[in-house]
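Peer 1: Dropping the structure in here first, questions after.
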Amino acid sequence: MNTLTFSASAAPASASSVPAVPAHAPFRIAAGAVLALRHGRGLRVEVMEGRLWITAAGDTQDHFVGPGGRHALGQAHAVVIENVGSGTALLRLVPGT
């Protein structure tokens with residue numbers, strides 16, 4: 001299993017060490033890969049391709065979101081998103097509910 005940790009509020013250590021990504025740009029995660037958000041508060045997950053499993057600290061339910069689906073993370077800080085589909089998932093993290 002691959003894990004990518006993402007912090008929306010963290011700045012790169014240096015401009016040359018991390019490539020710039022436009023705000024709200026869609027990105028892909030491989031089948032079986034996990035995205036761990038340290039600061040998911042106020043973000044919404046929008047799924048364009050694939051199927052995601054989303055679980056967040058303080059949320060008593062897990063959520064499965066497919067293509068065209070959206071899920072607001074609300075006040076959750078720690079969030080885990082896993083691609084549970086058989087192919088690559090395409091998603092965006094955007095502000096809002």
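Convention: chains lettered A, B, ... in structure tokens order; per-chain residue numbering from 1; ligands numbered from 1 as shown.
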Env of A:Phe64: 7 Å cut, atoms = only C-alpha atoms, seq-sep filter 5 positions within chain, self excluded. Answer as a ChimeraX atom specification.

Peer 2: /A:51-54

Peer 1: Please produce an output containing N, CA, C and O atoms for each residue in the selection, written as a PDB file, in the first residue's frame.

Peer 2:
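Output below, filename result29.pdb:
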```pdb
ATOM      1  N   ARG A  51     -13.281   5.171  -7.274  1.00  0.00           N
ATOM      2  CA  ARG A  51     -14.130   4.998  -6.080  1.00  0.00           C
ATOM      3  C   ARG A  51     -13.241   5.165  -4.854  1.00  0.00           C
ATOM      4  O   ARG A  51     -12.212   4.493  -4.720  1.00  0.00           O
ATOM      5  N   LEU A  52     -13.656   6.063  -3.959  1.00  0.00           N
ATOM      6  CA  LEU A  52     -12.865   6.382  -2.780  1.00  0.00           C
ATOM      7  C   LEU A  52     -13.596   6.001  -1.497  1.00  0.00           C
ATOM      8  O   LEU A  52     -14.820   6.093  -1.422  1.00  0.00           O
ATOM      9  N   TRP A  53     -12.815   5.583  -0.523  1.00  0.00           N
ATOM     10  CA  TRP A  53     -13.302   5.355   0.836  1.00  0.00           C
ATOM     11  C   TRP A  53     -12.735   6.503   1.660  1.00  0.00           C
ATOM     12  O   TRP A  53     -11.532   6.765   1.634  1.00  0.00           O
ATOM     13  N   ILE A  54     -13.615   7.208   2.385  1.00  0.00           N
ATOM     14  CA  ILE A  54     -13.197   8.375   3.163  1.00  0.00           C
ATOM     15  C   ILE A  54     -13.605   8.166   4.617  1.00  0.00           C
ATOM     16  O   ILE A  54     -14.765   7.880   4.920  1.00  0.00           O
TER      17      ILE A  54
END
```

Peer 1: Counting only C-alpha atoms, which of A:Glu49, A:Val80, A:Thr55, A:Arg28 gets nearest to A:Pro67?

Peer 2: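 Checking each of A:Glu49, A:Val80, A:Thr55, A:Arg28 against A:Pro67, counting only C-alpha atoms, the winner is A:Glu49.
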
Peer 1: Tell me which of A:Ala25, A:Leu73, A:Ala89, A:Val94 sits closest to A:Val47, counting only C-alpha atoms.

Peer 2: A:Ala89

Peer 1: Between A:Leu43, A:Ile81, A:Ala57, A:Met48, which is the closest to A:Pro95 once you count only C-alpha atoms?

Peer 2: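 Under the stated criterion, the closest residue is A:Leu43.
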